Amino acid sequence: MILELLQKVYRVSKALTVKSPAQKDVRTHLMHETERFRGKHTVDYETCIGCDSCNKICPTNAISMKHLPFKKQNIVPEVNLGVCIFCGLCEDVCPTKPKKSIVLSGGRYDMLSGGWHEDQENFWVQVDIPQEYIDSRLEAEEAARVKKELAKKKKEAEAAMKDKEIKAPISGEPNFSGGTL
Amino acid sequence: MQSLYALLQMYETEYIEDYKKSWKKVKLSNAEDLLKVAKALKANGLKTIATVSPTDFLEKNIIEMNYFFEDLISKRNCWLKCDISRELDKCEIESITPLFKGANWHEREAYSMFGVKFLHHPDLRPIIISQDFYGKAPFRKDFDWDAHEANTLQNIQTIVDAFKTEENENDKGIDAESSETVLNWGPTHPASGPIRLKVHCDGEDVISIDPDIGFVWRALEHLVTKKDFIGAIVAVERLCFMDNINSMIAYAQAVEEIAGTEITEFAKWMRVLLGEVSRISSHAMGMGGFYNALGLHTVAMWNMDMREFFLDFLESYSGARIATAAIEAGGVRYGLQENMLEELQLALDKFDATKDDMRAIFVKNPTMKMRAAKQGIITAQEVEEYSLCGVVARASGVKVDVRLDEPYAAYDKINMDYVTQKTGSANDRLVNLFEELEQSVDIIKQAKKHIEECIKSGKFNPTKDHMVKVPKKLPAGEAISRVEWSRGEVLMHLVTQEKATSPYRLKMKAPSFNHTMMLDKLLKGQTLSDIPLIFGSLYICQGDLDR
């Protein structure tokens, strides 16, 4: 009887010494963290090649493509988190290497934890591109265009020169075939 | 198999083919022969019908009916096809429900979704789709979804009217002499989930039960046809979130069969491992649900605690705890890292630490035995008659388990046996559930050991072997694939067209559909207090009930 009582007292007193298994504050930390956790997307607009694969594969049509004022690589994905089911297929199909341009794994888990209406209104993964980047891309594009044009002109000039060189000996002889039509 | 072939040859058929090991695939020339063939098949021992699945071919102007007959004892199956006209007023076929009681709701579903009329069906009412649904036969290829979207609220008044007439009808029987009325059990009952049982009762005695289902109908079978073959997995896994891996395995197998892809050995073993983890997570909730229905929540808490460790493994592997989307056609979606197996070991240890207490306190619970050992008894004959499967069938002593009958993935290399009970009572179903939990843990241990050994010896490359490429465009074809889901057999019938990028038709036969059909039979003559007990013991999930 007394032994039983002592055992009970001992068992209850363990609560004072044994550490509680809940050591993490779940409001700020995940109970279980993994590398592959599919959370909020991050979109890298610099590496994105604008292939539209993520938009095509998305089973819930949560992705829409934002248009950029460039000639090439001019779309970049934006995700509606209210529709997204976090299946991660967009990350799977993203072809950029070595780092994928749209990534969920390791993403943030606290997406709507603010609880304010502002948090709900802006429930999107938006791509904010700084003006400098747009300018630099436009400049680069312009430079590439100019360079290409110059190269084209040069090529044409060279071709013309070649034509002249080929034609030059012919032009010395009388031309019988010309002027029929 | 020989007698089956001889039997089928007696009728006019377009072809009789061998399909897989245990199937005969037959196409009847005349749909009128169906009833005769069905009768002969039943006499031959194929007493169970898995499902009835129409396929709508718009160009050919026909609807192809698929019947899947099964013999649970000798494991011979027959896939019967026949064509019927597509026009709504001529679209009719003889009902087989008088012969096979398990076909009842499946034919009603085909009637609601495809508008196929089943002649001489005892109770041909629409099922799943709500009475205010705009438009007819939503799964037909020419169904006007835009018009449906525009007019969703048009018939809303019919619900109100029906409710009012029902209310008046129900009050008629209540007077000084009698208290006969209809009670609604659900859809907001704490133990019911989104299902409504119209319980026709006299005082406390149940006279009959008419389940009203479709509260979580998402038209998954239609939804997959709008997605590509990869994106369809997210619709398929939503068959039921508790065991999503196995449903994706069934779908992936069907796609692989049509594409002619053979997956790697590593992927096969991973499917076993993940499938069993998923089964444990489902069974743990099923056991909890059984006791929850009776008002004891401790079991659910204990099981949830144990289940979390298995979900941790799923999260480490796939990045999500519940909607894992971890199985794709061609293998499994992610590679395996060794620390994940350590995490799985933690889960197995947790299970081993709690299982003895679990068995002593809850599974062998004397109060539960007194309450449930004589309730909801399903005999072996009824299992065959009503096409029951999974835990419910095995608790009645019927040896049926697709993992053993038609081994898929790497189950042919696993050492396992049928887990069965004798009487088929509600208590037996609980015991069977627990024993299957133990069996799953045993299978996981075997698979884990094998995977670890093979990684060590260099036979498996866990980061590269997990996937083989499946072509994006599939040829025309059709396949059926069966898996042992946590709740029973899931049969998926996949049809593709030439150069298809998305499924043309995917029929998902889910076990809860048949089990819910049993409620009326089991509860007739019982009292109201038996409803939660028997409903909980049948291990029903509304996800795969409505799809």
# chains A, B, ... in the order shown; residues from 1 in each chain; ligands from 1

$ select_by_dssp --residues "segment 217-422 of chain B" --states "alpha helix (DSSP H)" --output "ChimeraX atom specification"
/B:220-223,232-236,244-259,265-294,298-318,338-358,366-372,380-385,390-395,402-405

$ closest_atom_pairs --of "chain A" --to "chain B" --cutoff "10 Å" --atoms "only C-alpha atoms" --output "Markdown table"
| residue | atom | partner | partner_atom | distance |
| --- | --- | --- | --- | --- |
| A:Met31 | CA | B:Asp312 | CA | 9.6 |
| A:His32 | CA | B:Asp312 | CA | 6.9 |
| A:Glu33 | CA | B:Ser316 | CA | 7.9 |
| A:Thr34 | CA | B:Ser316 | CA | 5.4 |
| A:Glu35 | CA | B:Ser316 | CA | 7.3 |
| A:Arg36 | CA | B:Gly319 | CA | 4.5 |
| A:Phe37 | CA | B:Gly319 | CA | 3.9 |
| A:Arg38 | CA | B:Gly319 | CA | 5.1 |
| A:Gly39 | CA | B:Gly319 | CA | 8.5 |
| A:Lys56 | CA | B:Asp228 | CA | 9.3 |
| A:Ile57 | CA | B:Gly231 | CA | 6.4 |
| A:Cys58 | CA | B:Gly231 | CA | 7.0 |
| A:Pro59 | CA | B:Gly231 | CA | 5.2 |
| A:Thr60 | CA | B:Gly231 | CA | 8.8 |
| A:Ile85 | CA | B:Ala323 | CA | 8.5 |
| A:Phe86 | CA | B:Ala320 | CA | 8.4 |
| A:Cys87 | CA | B:Ala325 | CA | 6.2 |
| A:Gly88 | CA | B:Ala325 | CA | 8.4 |
| A:Leu89 | CA | B:Gly231 | CA | 7.7 |
| A:Asp92 | CA | B:Arg333 | CA | 9.2 |
| A:Leu104 | CA | B:Gly319 | CA | 9.3 |
| A:Ser105 | CA | B:Gly319 | CA | 7.0 |
| A:Gly106 | CA | B:Gly319 | CA | 8.6 |

$ residues_around --residues "Ser178 of chain B" --least-positions-apart "5" --cutoff "8 Å" --atoms "only C-alpha atoms" --output "list in words"
Gly173, Asp202 and Gly203 of chain B

$ closest_residue --among "B:Lys413, B:Leu220, B:Asn244, B:Arg279" --to "Ile322 of chain B" --atoms "only C-alpha atoms"
B:Asn244

$ residues_around --residues "Ala267 of chain B" --least-positions-apart "6" --cutoff "12 Å" --atoms "only C-alpha atoms" --output "PyMOL selection string"
chain B and resi 249+252-253+273-275+326-336+408-410+447+451+460-468

$ write_last_selection --atoms "N, CA and C atoms" --output "PDB file, in the first residue's frame"
ATOM      1  N   ILE B 249      -0.559   5.358 -56.773  1.00  0.00           N
ATOM      2  CA  ILE B 249       0.106   4.175 -57.335  1.00  0.00           C
ATOM      3  C   ILE B 249      -0.810   3.518 -58.368  1.00  0.00           C
ATOM      4  N   ALA B 252      -0.769   5.643 -61.493  1.00  0.00           N
ATOM      5  CA  ALA B 252       0.523   5.596 -62.175  1.00  0.00           C
ATOM      6  C   ALA B 252       0.700   4.256 -62.884  1.00  0.00           C
ATOM      7  N   GLN B 253       0.229   3.177 -62.261  1.00  0.00           N
ATOM      8  CA  GLN B 253       0.355   1.866 -62.890  1.00  0.00           C
ATOM      9  C   GLN B 253      -0.434   1.799 -64.187  1.00  0.00           C
ATOM     10  N   LEU B 273       7.130   0.897 -49.695  1.00  0.00           N
ATOM     11  CA  LEU B 273       7.448   1.600 -48.441  1.00  0.00           C
ATOM     12  C   LEU B 273       6.482   2.766 -48.201  1.00  0.00           C
ATOM     13  N   LEU B 274       6.343   3.612 -49.220  1.00  0.00           N
ATOM     14  CA  LEU B 274       5.478   4.779 -49.067  1.00  0.00           C
ATOM     15  C   LEU B 274       4.019   4.363 -48.913  1.00  0.00           C
ATOM     16  N   GLY B 275       3.628   3.354 -49.693  1.00  0.00           N
ATOM     17  CA  GLY B 275       2.248   2.888 -49.624  1.00  0.00           C
ATOM     18  C   GLY B 275       1.884   2.406 -48.233  1.00  0.00           C
ATOM     19  N   ALA B 326       3.400  12.336 -54.310  1.00  0.00           N
ATOM     20  CA  ALA B 326       4.741  11.762 -54.342  1.00  0.00           C
ATOM     21  C   ALA B 326       4.924  10.659 -55.372  1.00  0.00           C
ATOM     22  N   ILE B 327       3.841  10.192 -56.005  1.00  0.00           N
ATOM     23  CA  ILE B 327       3.991   9.116 -56.983  1.00  0.00           C
ATOM     24  C   ILE B 327       3.611   9.648 -58.355  1.00  0.00           C
ATOM     25  N   GLU B 328       4.510   9.474 -59.302  1.00  0.00           N
ATOM     26  CA  GLU B 328       4.220   9.866 -60.668  1.00  0.00           C
ATOM     27  C   GLU B 328       4.347   8.637 -61.547  1.00  0.00           C
ATOM     28  N   ALA B 329       3.719   8.681 -62.716  1.00  0.00           N
ATOM     29  CA  ALA B 329       3.944   7.596 -63.662  1.00  0.00           C
ATOM     30  C   ALA B 329       5.430   7.584 -63.992  1.00  0.00           C
ATOM     31  N   GLY B 330       6.044   6.411 -63.906  1.00  0.00           N
ATOM     32  CA  GLY B 330       7.482   6.309 -64.173  1.00  0.00           C
ATOM     33  C   GLY B 330       8.280   6.038 -62.923  1.00  0.00           C
ATOM     34  N   GLY B 331       7.642   5.994 -61.792  1.00  0.00           N
ATOM     35  CA  GLY B 331       8.373   5.700 -60.563  1.00  0.00           C
ATOM     36  C   GLY B 331       7.843   6.487 -59.396  1.00  0.00           C
ATOM     37  N   VAL B 332       8.759   6.950 -58.565  1.00  0.00           N
ATOM     38  CA  VAL B 332       8.372   7.831 -57.466  1.00  0.00           C
ATOM     39  C   VAL B 332       9.035   9.184 -57.716  1.00  0.00           C
ATOM     40  N   ARG B 333       8.440  10.238 -57.172  1.00  0.00           N
ATOM     41  CA  ARG B 333       8.812  11.563 -57.645  1.00  0.00           C
ATOM     42  C   ARG B 333      10.168  12.033 -57.134  1.00  0.00           C
ATOM     43  N   TYR B 334      10.546  11.610 -55.945  1.00  0.00           N
ATOM     44  CA  TYR B 334      11.782  12.123 -55.369  1.00  0.00           C
ATOM     45  C   TYR B 334      12.767  10.997 -55.100  1.00  0.00           C
ATOM     46  N   GLY B 335      14.022  11.365 -55.004  1.00  0.00           N
ATOM     47  CA  GLY B 335      15.036  10.421 -54.572  1.00  0.00           C
ATOM     48  C   GLY B 335      14.991  10.286 -53.061  1.00  0.00           C
ATOM     49  N   LEU B 336      15.744   9.308 -52.579  1.00  0.00           N
ATOM     50  CA  LEU B 336      15.715   9.038 -51.147  1.00  0.00           C
ATOM     51  C   LEU B 336      17.058   9.415 -50.546  1.00  0.00           C
ATOM     52  N   TYR B 408       1.421  -6.194 -57.078  1.00  0.00           N
ATOM     53  CA  TYR B 408       1.938  -5.077 -57.851  1.00  0.00           C
ATOM     54  C   TYR B 408       3.166  -4.549 -57.128  1.00  0.00           C
ATOM     55  N   ALA B 409       3.820  -3.549 -57.693  1.00  0.00           N
ATOM     56  CA  ALA B 409       5.060  -2.995 -57.135  1.00  0.00           C
ATOM     57  C   ALA B 409       5.971  -4.162 -56.723  1.00  0.00           C
ATOM     58  N   ALA B 410       6.472  -4.156 -55.495  1.00  0.00           N
ATOM     59  CA  ALA B 410       7.379  -5.238 -55.093  1.00  0.00           C
ATOM     60  C   ALA B 410       6.722  -6.147 -54.072  1.00  0.00           C
ATOM     61  N   ALA B 447      10.763  -3.885 -46.241  1.00  0.00           N
ATOM     62  CA  ALA B 447      11.130  -3.040 -47.378  1.00  0.00           C
ATOM     63  C   ALA B 447      12.320  -2.164 -47.031  1.00  0.00           C
ATOM     64  N   ILE B 451      15.877  -2.114 -48.938  1.00  0.00           N
ATOM     65  CA  ILE B 451      16.371  -0.901 -49.584  1.00  0.00           C
ATOM     66  C   ILE B 451      17.742  -0.540 -49.028  1.00  0.00           C
ATOM     67  N   PHE B 460      21.064  -0.232 -55.769  1.00  0.00           N
ATOM     68  CA  PHE B 460      20.174   0.908 -55.986  1.00  0.00           C
ATOM     69  C   PHE B 460      20.975   2.197 -55.895  1.00  0.00           C
ATOM     70  N   ASN B 461      20.661   3.119 -56.768  1.00  0.00           N
ATOM     71  CA  ASN B 461      21.178   4.476 -56.610  1.00  0.00           C
ATOM     72  C   ASN B 461      20.007   5.355 -56.186  1.00  0.00           C
ATOM     73  N   PRO B 462      19.898   5.643 -54.880  1.00  0.00           N
ATOM     74  CA  PRO B 462      18.649   6.245 -54.381  1.00  0.00           C
ATOM     75  C   PRO B 462      18.382   7.651 -54.904  1.00  0.00           C
ATOM     76  N   THR B 463      19.378   8.324 -55.459  1.00  0.00           N
ATOM     77  CA  THR B 463      19.100   9.673 -55.942  1.00  0.00           C
ATOM     78  C   THR B 463      18.812   9.701 -57.439  1.00  0.00           C
ATOM     79  N   LYS B 464      19.132   8.599 -58.142  1.00  0.00           N
ATOM     80  CA  LYS B 464      18.923   8.637 -59.591  1.00  0.00           C
ATOM     81  C   LYS B 464      17.917   7.618 -60.097  1.00  0.00           C
ATOM     82  N   ASP B 465      17.768   6.520 -59.372  1.00  0.00           N
ATOM     83  CA  ASP B 465      16.944   5.416 -59.879  1.00  0.00           C
ATOM     84  C   ASP B 465      15.451   5.645 -59.757  1.00  0.00           C
ATOM     85  N   HIS B 466      15.047   6.738 -59.111  1.00  0.00           N
ATOM     86  CA  HIS B 466      13.633   6.794 -58.734  1.00  0.00           C
ATOM     87  C   HIS B 466      12.676   6.994 -59.898  1.00  0.00           C
ATOM     88  N   MET B 467      13.172   7.509 -61.023  1.00  0.00           N
ATOM     89  CA  MET B 467      12.249   7.793 -62.131  1.00  0.00           C
ATOM     90  C   MET B 467      12.800   7.299 -63.462  1.00  0.00           C
ATOM     91  N   VAL B 468      11.911   6.793 -64.280  1.00  0.00           N
ATOM     92  CA  VAL B 468      12.250   6.625 -65.689  1.00  0.00           C
ATOM     93  C   VAL B 468      11.290   7.499 -66.473  1.00  0.00           C
TER      94      VAL B 468
END

$ select_by_dssp --residues "segment 274-463 of chain B" --states "strand (DSSP E)" --output "count of residues only"
4

$ residues_around --residues "Asp89 of chain B" --least-positions-apart "4" --cutoff "10 Å" --atoms "only C-alpha atoms" --output "number ranges by chain"
B: 85, 115-117

$ residues_around --residues "Phe215 of chain B" --least-positions-apart "4" --cutoff "9 Å" --atoms "only C-alpha atoms" --output "number ranges by chain"
B: 128-130, 187, 194-196, 542, 546

$ residues_around --residues "segment 138-155 of chain A" --least-positions-apart "4" --cutoff "9 Å" --atoms "only C-alpha atoms" --output "list of chain:residue names"
A:Pro69, A:Phe70, A:Lys71, A:Lys72, A:Tyr133, A:Ile134, A:Ala159, A:Ala160

$ closest_residue --among "B:Gln526, B:Asn184, B:Asn77, B:Thr225" --to "Tyr19 of chain B" --atoms "only C-alpha atoms"
B:Asn77
